[in-house]
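Colleague: Quick one: this structure, given as structure tokens, is what I'll be asking you about.
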Amino acid sequence: MKFNNRNVYVSPKSKIGRNVKIGDNSAIYDNVEIGDNSIICNDTVLGEPLPAYYQAPDYENPPTAIGPDSLVRSHAIIYAGCTIGAGFSSGHRITIRENTMIGDHCSVGTLSDIQGNVRIGNYCRLHSNVHLAQTCVLGDFVFMYPYSVMTNDPHPPSEDVKGGYIGDYTQVGVHAVILPGIRVGENCLIGASSVVNKRVEDFSLAMGDPIRVVMDIRKYVVLGKGKPYPWMYRFERGLPWEGIGYDVWIKQNAKK
Amino acid sequence: MKFNNRNVYVSPKSKIGRNVKIGDNSAIYDNVEIGDNSIICNDTVLGEPLPAYYQAPDYENPPTAIGPDSLVRSHAIIYAGCTIGAGFSSGHRITIRENTMIGDHCSVGTLSDIQGNVRIGNYCRLHSNVHLAQTCVLGDFVFMYPYSVMTNDPHPPSEDVKGGYIGDYTQVGVHAVILPGIRVGENCLIGASSVVNKRVEDFSLAMGDPIRVVMDIRKYVVLGKGKPYPWMYRFERGLPWEGIGYDVWIKQNAKK
Amino acid sequence: MKFNNRNVYVSPKSKIGRNVKIGDNSAIYDNVEIGDNSIICNDTVLGEPLPAYYQAPDYENPPTAIGPDSLVRSHAIIYAGCTIGAGFSSGHRITIRENTMIGDHCSVGTLSDIQGNVRIGNYCRLHSNVHLAQTCVLGDFVFMYPYSVMTNDPHPPSEDVKGGYIGDYTQVGVHAVILPGIRVGENCLIGASSVVNKRVEDFSLAMGDPIRVVMDIRKYVVLGKGKPYPWMYRFERGLPWEGIGYDVWIKQNAKK
């Protein structure tokens with residue numbers, strides 16, 4: 001249905017891996033490299049040119065890489081200069097601006113908007129409509145939920161860009177806002193609609209506007225369900241410890 | 001302007017009603033059925049295939065139905081397996097994922113994102129950029145305003161999906177969040193930016209984070225305007241009691 | 001890369017200025033006028049027809065104007081009846097509905113959704129995913145950040161539309177909500193996730209839900225940085241006082 005080679009543009013300056021599918025109405029611009037076995041759905045733009053393209057006659061598109069085994073769903077726009085790892089998966093209509101680096105096995109949900117010069121680790125999952133301002137950084141296994149936002153300008157408008165940081169395994173609830181330059185530790189749970197205006201230490205269950213640490217998340221008990229956090233002992237779908245458990249995976253990893 | 005049969009793909013396995021218009025650059029995939037007199041605008045995808053399509057060579061697209069007299073505005077993506085009633089109307093760039101059932105005379109605003117396995121009654125209106133997580137349920141005549149969100153995961157990340165429920169006639173303000181599994185009653189007004197973390201009974205005027213019931217909405221008086229709620233006695237545009245009044249419509253309906 | 005004249009539709013009833021580029025897969029509908037040296041990127045729709053188009057056989061598209069030296073990024077939808085000034089710049093996938101008037105040198109970010117009958121002054125900047133309800137008004141030099149929303153219906157649902165107003169130089173933080181009919185003065189800073197439910201006077205630093213004025217912003221001191229507001233004395237990129245300073249510009253302007 002989606003791959004009829006109808007109205008597809010592939011730059012002769014791009015490098016398409018083996019067994020790659022490109023959907024109808026898509027455009028792969030100069031200097032894009034797509035890894036083997038990846039699927040680029042319809043109406044997608046890869047290697048979107050930078051602002052200079054509109055002015056400089058000798059503009060050269062910076063290299064863009066999408067790793068192997070990726071699935072980019074329809075209507076994505078990924079700018080030139082991005083490097084995205086293996087096993088990437090996206091929803092529809094994502095926008096990823098230039099010089100963003102995304103690790104392996106990440107997903108970016110429908111309508112999410114990554115503003116450029118962002119760094120995202122491995123196995124991160126952005127749900128729908130997440131907004132990351134320029135220079136923000138995510139560790140590994142960070143999950144962000146719809147309409148959560150990372151900002152970067154402490155005194156808008158300014159040129160003083162300070163993206164925040166979110167540590168490994170942390171979960172950021174819907175509509176939460178991370179203020180500029182703020183560091184959220186590892187293994188935190190940030191509640192829905194929180195405004196994170198100060199540093200949050202590892203293992204915090206935190207919520208509210210302004211953010212307030214409610215407890216050490218390791219002490220959080222759900223009636224009849226025990227202690228749900230850290231979550232890696234009870235959730236494994238698509239994660240490297242799937243089928244073996246987090247403890248075993250950690251030990252295997254330590255050996256390497 | 002929009003219907004020039006330019007770059008249109010219509011699957012031979014689809015079933016297009018009488019007097020249906022399909023806009024330029026649109027794609028109607030397998031097993032989509034469009035009711036009579038519907039207008040599908042440009043750059044729209046109906047019957048978007050499910051994840052299995054990318055792997056299973058014998059993938060069969062589940063049936064998708066759009067009712068008669070519908071107007072799907074441009075750049076919509078509606079997944080296979082959805083059933084949408086008569087008189088549907090959408091904004092631009094909506095996304096509706098699989099197995100969602102929407103009743104008659106509903107509208108879904110620009111950028112709204114319905115995550116699949118959602119049930120929506122009749123005459124519901126989602127304004128722009130509403131997000132409904134999987135398994136959420138709306139009654140009839142529910143109106144949701146921009147950036148309002150229904151969630152479904154009580155302890156993210158988990159496999160324990162619990163969509164919430166919103167009762168008939170309830171209005172959900174901009175940026176409001178309904179937490180997982182929460183039931184909001186009928187005829188409520190949920191204020192802007194509320195976080196609904198507990199059950200809200202019928203006829204509540206409720207707001208805040210966490211949500212707080214301010215009063216029985218039937219007692220709410222606006223200076224010089226009387227009691228605006230329940231709203232059905234003062235608002236009728238596009239509703240079944242238009243021209244006859246809510247009381248008459250209720251009586252007529254009771255007779256049937 | 002973007003301008004190959006591939007699958008482009010330009011109405012013979014449109015008027016395209018000198019040196020205008022139109023990207024692939026774009027459609028310029030009837031009665032659109034594009035100023036000289038403007039760039040309309042790919043997959044864009046200008047002059048999107050109004051609802052009457054779908055019913056009235058003699059529908060005539062109202063005139064739409066995009067000023068000279070504009071850059072409309074890809075996948076924009078701008079309705080017929082809009083008037084946009086010179087030096088306009090947009091992100092991707094913006095939606096601007098009918099009868100919106102935007103002054104000169106404004107920018108509208110990715111996914112922003114302007115609902116129609118909105119008035120925006122000069123040099124305003126909407127960042128990503130800003131939502132402006134019908135009849136809202138912005139002064140000059142107003143900057144709005146992601147997911148900020150202006151609403152217009154005091155008692156939803158109603159026909160009693162009352163857009164709000166934001167004064168010159170005011171900055172509206174991420175996820176802030178301006179309630180219907182509210183006036184925000186000049187030179188204010190509205191904090192992230194605020195709910196502005198009452199009038200805010202000029203020079204207010206205000207935040208919270210409900211909004212609370214913290215101080216006169218002219219008294220706000222940042223350690224080691226002095227007084228950042230009013231911001232025009234320290235930020236000039238793309239603004240008319242760039243290179244000469246705000247004071248000089250004001251004096252020059254006063255002479256005219």
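Lettering and numbering for the structure tokens are positional, with chains as A, B, ... in the shown order, residues counted from 1 in each chain, and ligands counted from 1 in the shown order.
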Counting only C-alpha atoms, which residues of range 41-97 of chain B sit at most 12 Å from some atom of range 106-116 of chain A, and what is each one's closest atom pair with its distance in Å to one decimal, listed by chain and rising residue number, as JSON lines?
Modeller:
{"residue": "B:Ile77", "atom": "CA", "partner": "A:Thr110", "partner_atom": "CA", "distance": 11.1}
{"residue": "B:Arg93", "atom": "CA", "partner": "A:Leu111", "partner_atom": "CA", "distance": 9.8}
{"residue": "B:Ile94", "atom": "CA", "partner": "A:Leu111", "partner_atom": "CA", "distance": 10.2}
{"residue": "B:Thr95", "atom": "CA", "partner": "A:Thr110", "partner_atom": "CA", "distance": 8.4}
{"residue": "B:Ile96", "atom": "CA", "partner": "A:Thr110", "partner_atom": "CA", "distance": 10.9}
{"residue": "B:Arg97", "atom": "CA", "partner": "A:Thr110", "partner_atom": "CA", "distance": 10.9}
Colleague: Restricted to N, CA, C and O atoms, what would the selected residues look like written as a PDB file, in the first residue's frame?
Modeller:
ATOM      1  N   ILE B  77      -4.543  11.216   9.115  1.00  0.00           N
ATOM      2  CA  ILE B  77      -4.123   9.813   9.055  1.00  0.00           C
ATOM      3  C   ILE B  77      -5.100   9.020   9.921  1.00  0.00           C
ATOM      4  O   ILE B  77      -5.163   9.228  11.134  1.00  0.00           O
ATOM      5  N   ARG B  93      -4.519  17.319   9.853  1.00  0.00           N
ATOM      6  CA  ARG B  93      -3.424  16.576  10.490  1.00  0.00           C
ATOM      7  C   ARG B  93      -3.859  15.786  11.708  1.00  0.00           C
ATOM      8  O   ARG B  93      -3.120  15.693  12.702  1.00  0.00           O
ATOM      9  N   ILE B  94      -5.050  15.278  11.719  1.00  0.00           N
ATOM     10  CA  ILE B  94      -5.423  14.410  12.831  1.00  0.00           C
ATOM     11  C   ILE B  94      -4.771  13.040  12.643  1.00  0.00           C
ATOM     12  O   ILE B  94      -4.435  12.652  11.519  1.00  0.00           O
ATOM     13  N   THR B  95      -4.593  12.353  13.757  1.00  0.00           N
ATOM     14  CA  THR B  95      -4.129  10.966  13.722  1.00  0.00           C
ATOM     15  C   THR B  95      -5.084  10.132  14.571  1.00  0.00           C
ATOM     16  O   THR B  95      -5.291  10.448  15.746  1.00  0.00           O
ATOM     17  N   ILE B  96      -5.663   9.114  13.964  1.00  0.00           N
ATOM     18  CA  ILE B  96      -6.541   8.217  14.733  1.00  0.00           C
ATOM     19  C   ILE B  96      -6.018   6.804  14.545  1.00  0.00           C
ATOM     20  O   ILE B  96      -6.006   6.284  13.426  1.00  0.00           O
ATOM     21  N   ARG B  97      -5.564   6.221  15.626  1.00  0.00           N
ATOM     22  CA  ARG B  97      -4.988   4.882  15.504  1.00  0.00           C
ATOM     23  C   ARG B  97      -6.044   3.783  15.540  1.00  0.00           C
ATOM     24  O   ARG B  97      -7.218   4.019  15.728  1.00  0.00           O
TER      25      ARG B  97
END
Colleague: Just the strand (DSSP E or B) stuff from range 100-164 of chain A, please, per backbone DSSP, written as a VMD selection string.
Modeller: chain A and resid 101 to 102 107 to 108 113 to 114 119 to 120 125 to 126 131 to 132 137 to 138 143 to 144 149 to 150
Colleague: Determine, counting only C-alpha atoms, which protein, DNA and RNA residues have an atom within 8 Å of an atom of range 49-57 of chain A; residues of the same chain fewer than 6 positions away are not included. Present the result as an MDAnalysis selection string.
Modeller: chainID A and resid 29 79:80 98
Colleague: Output all heavy atoms for every residue in that selection, as a CSV table (one decimal), in the first residue's frame.
Modeller:
chain,number,residue,atom,x,y,z
A,29,TYR,N,17.0,13.8,0.7
A,29,TYR,CA,17.8,14.8,0.2
A,29,TYR,C,19.3,14.4,0.2
A,29,TYR,O,19.7,13.3,0.6
A,29,TYR,CB,17.6,16.1,0.9
A,29,TYR,CG,16.2,16.7,0.6
A,29,TYR,CD1,15.5,17.4,1.6
A,29,TYR,CD2,15.6,16.7,-0.6
A,29,TYR,CE1,14.2,17.9,1.4
A,29,TYR,CE2,14.3,17.2,-0.9
A,29,TYR,CZ,13.7,17.9,0.1
A,29,TYR,OH,12.4,18.4,-0.1
A,79,TYR,N,16.0,16.7,9.9
A,79,TYR,CA,16.9,17.6,9.3
A,79,TYR,C,18.3,17.0,9.0
A,79,TYR,O,18.7,16.0,9.7
A,79,TYR,CB,17.2,18.8,10.3
A,79,TYR,CG,16.2,20.0,10.0
A,79,TYR,CD1,14.8,19.8,10.3
A,79,TYR,CD2,16.6,21.2,9.6
A,79,TYR,CE1,13.9,20.9,10.1
A,79,TYR,CE2,15.8,22.3,9.4
A,79,TYR,CZ,14.4,22.1,9.6
A,79,TYR,OH,13.6,23.1,9.4
A,80,ALA,N,19.0,17.6,8.1
A,80,ALA,CA,20.3,17.3,7.8
A,80,ALA,C,21.2,17.5,9.1
A,80,ALA,O,20.9,18.4,9.9
A,80,ALA,CB,20.8,18.1,6.6
A,98,GLU,N,18.4,20.0,13.2
A,98,GLU,CA,19.7,19.6,12.9
A,98,GLU,C,20.6,19.3,14.1
A,98,GLU,O,20.4,19.8,15.2
A,98,GLU,CB,20.4,20.8,12.1
A,98,GLU,CG,20.4,22.1,12.8
A,98,GLU,CD,19.2,23.0,12.6
A,98,GLU,OE1,18.1,22.5,12.3
A,98,GLU,OE2,19.4,24.2,12.7
Colleague: Any idea what's packed within 9 Å of range 212-226 of chain C, counting only C-alpha atoms, ignoring anything in its chain fewer than 2 positions away? Could you give it as a PDB file with N, CA and C atoms, in the first residue's frame?
Modeller:
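Okay, this is what ended up in result.pdb:
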ATOM      1  N   ASN C 187       5.162  44.359  28.320  1.00  0.00           N
ATOM      2  CA  ASN C 187       6.404  44.116  29.046  1.00  0.00           C
ATOM      3  C   ASN C 187       6.262  43.179  30.233  1.00  0.00           C
ATOM      4  N   CYS C 188       5.328  42.241  30.146  1.00  0.00           N
ATOM      5  CA  CYS C 188       5.180  41.250  31.209  1.00  0.00           C
ATOM      6  C   CYS C 188       5.971  39.993  30.879  1.00  0.00           C
ATOM      7  N   LEU C 189       6.248  39.222  31.920  1.00  0.00           N
ATOM      8  CA  LEU C 189       6.753  37.860  31.740  1.00  0.00           C
ATOM      9  C   LEU C 189       5.780  36.936  32.469  1.00  0.00           C
ATOM     10  N   SER C 194       1.487  28.857  33.802  1.00  0.00           N
ATOM     11  CA  SER C 194       0.555  29.753  34.483  1.00  0.00           C
ATOM     12  C   SER C 194      -0.844  29.630  33.890  1.00  0.00           C
ATOM     13  N   VAL C 196      -3.723  32.335  33.424  1.00  0.00           N
ATOM     14  CA  VAL C 196      -3.959  33.768  33.568  1.00  0.00           C
ATOM     15  C   VAL C 196      -5.467  33.996  33.570  1.00  0.00           C
ATOM     16  N   VAL C 200      -3.558  41.344  33.872  1.00  0.00           N
ATOM     17  CA  VAL C 200      -2.191  41.499  34.355  1.00  0.00           C
ATOM     18  C   VAL C 200      -1.691  42.860  33.861  1.00  0.00           C
ATOM     19  N   GLU C 201      -1.247  43.690  34.791  1.00  0.00           N
ATOM     20  CA  GLU C 201      -0.825  45.050  34.435  1.00  0.00           C
ATOM     21  C   GLU C 201       0.563  45.057  33.786  1.00  0.00           C
ATOM     22  N   ASP C 202       0.878  46.143  33.110  1.00  0.00           N
ATOM     23  CA  ASP C 202       2.182  46.311  32.466  1.00  0.00           C
ATOM     24  C   ASP C 202       3.317  46.029  33.459  1.00  0.00           C
ATOM     25  N   PHE C 203       4.409  45.517  32.941  1.00  0.00           N
ATOM     26  CA  PHE C 203       5.637  45.301  33.723  1.00  0.00           C
ATOM     27  C   PHE C 203       5.465  44.318  34.873  1.00  0.00           C
ATOM     28  N   SER C 204       4.566  43.353  34.707  1.00  0.00           N
ATOM     29  CA  SER C 204       4.402  42.344  35.764  1.00  0.00           C
ATOM     30  C   SER C 204       5.241  41.106  35.466  1.00  0.00           C
ATOM     31  N   LEU C 205       5.915  40.630  36.483  1.00  0.00           N
ATOM     32  CA  LEU C 205       6.435  39.268  36.468  1.00  0.00           C
ATOM     33  C   LEU C 205       5.376  38.443  37.188  1.00  0.00           C
ATOM     34  N   ALA C 206       4.722  37.558  36.461  1.00  0.00           N
ATOM     35  CA  ALA C 206       3.556  36.863  37.021  1.00  0.00           C
ATOM     36  C   ALA C 206       3.648  35.390  36.722  1.00  0.00           C
ATOM     37  N   MET C 207       3.148  34.575  37.652  1.00  0.00           N
ATOM     38  CA  MET C 207       3.193  33.129  37.448  1.00  0.00           C
ATOM     39  C   MET C 207       2.149  32.441  38.314  1.00  0.00           C
ATOM     40  N   GLY C 208       1.968  31.182  38.078  1.00  0.00           N
ATOM     41  CA  GLY C 208       1.121  30.368  38.932  1.00  0.00           C
ATOM     42  C   GLY C 208      -0.273  30.145  38.394  1.00  0.00           C
ATOM     43  N   ASP C 209      -0.989  29.242  39.062  1.00  0.00           N
ATOM     44  CA  ASP C 209      -2.372  28.891  38.727  1.00  0.00           C
ATOM     45  C   ASP C 209      -3.182  28.963  40.014  1.00  0.00           C
ATOM     46  N   PRO C 210      -3.990  29.991  40.222  1.00  0.00           N
ATOM     47  CA  PRO C 210      -4.200  31.132  39.325  1.00  0.00           C
ATOM     48  C   PRO C 210      -3.014  32.104  39.351  1.00  0.00           C
ATOM     49  N   PRO C 228      17.322  41.792  33.991  1.00  0.00           N
ATOM     50  CA  PRO C 228      17.121  41.346  32.598  1.00  0.00           C
ATOM     51  C   PRO C 228      15.915  41.948  31.887  1.00  0.00           C
ATOM     52  N   TYR C 229      15.010  42.618  32.625  1.00  0.00           N
ATOM     53  CA  TYR C 229      13.800  43.143  31.972  1.00  0.00           C
ATOM     54  C   TYR C 229      13.631  44.622  32.280  1.00  0.00           C
ATOM     55  N   PRO C 230      13.097  45.406  31.366  1.00  0.00           N
ATOM     56  CA  PRO C 230      12.652  45.033  30.015  1.00  0.00           C
ATOM     57  C   PRO C 230      13.809  44.499  29.184  1.00  0.00           C
TER      58      PRO C 230
END
Colleague: Excluding same-chain residues fewer than 5 positions from Ile211 in chain B, what lies within 10 Å of it counting only C-alpha atoms, as a list of chain:residue names?
Modeller: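 Counting only the stated atoms, we get B:Ala176, B:Val177, B:Ile178, B:Ile190, B:Gly191, B:Ser193, B:Ser194, B:Val195, B:Val196, B:Asn197, B:Lys198, B:Arg199, B:Val200, B:Ala206.
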Colleague: With only C-alpha atoms as the counted atoms, please give the residues lying no more than 10 Å from Gln171 in chain B, apart from itself and same-chain residues fewer than 2 positions off, as a list in words.
Modeller: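 The residues satisfying every condition are Arg125, Phe141, Val142, Phe143, Met144, Tyr145, Ile166, Gly167, Asp168, Tyr169, Gly173, Val174, Glu186, Asn187, Cys188, Leu189, Ile190, Gly191, Leu205 and Trp231 of chain B; His155, Pro156 and Pro157 of chain C.
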Colleague: Give me the residues near His175 in chain C as a list in words, where near means some atom within 7 Å (using only C-alpha atoms) and where sequence neighbours in that chain fewer than 6 positions away do not count.
Modeller: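 Here the qualifying residues turn out to be Pro146, Tyr147, Ser148, Ala192 and Ser193 of chain C.
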Colleague: Could you tell me how far CA of Ile28 in chain A sits from CA of Gly17 in chain C, in Å to one decimal place?
Modeller: 28.8 Å
Colleague: So the first atom is CA of Gly47 in chain C and the second is CA of Val10 in chain C; what is the distance between them in Å, to one decimal place?
Modeller: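 Those two atoms sit 10.7 Å apart.
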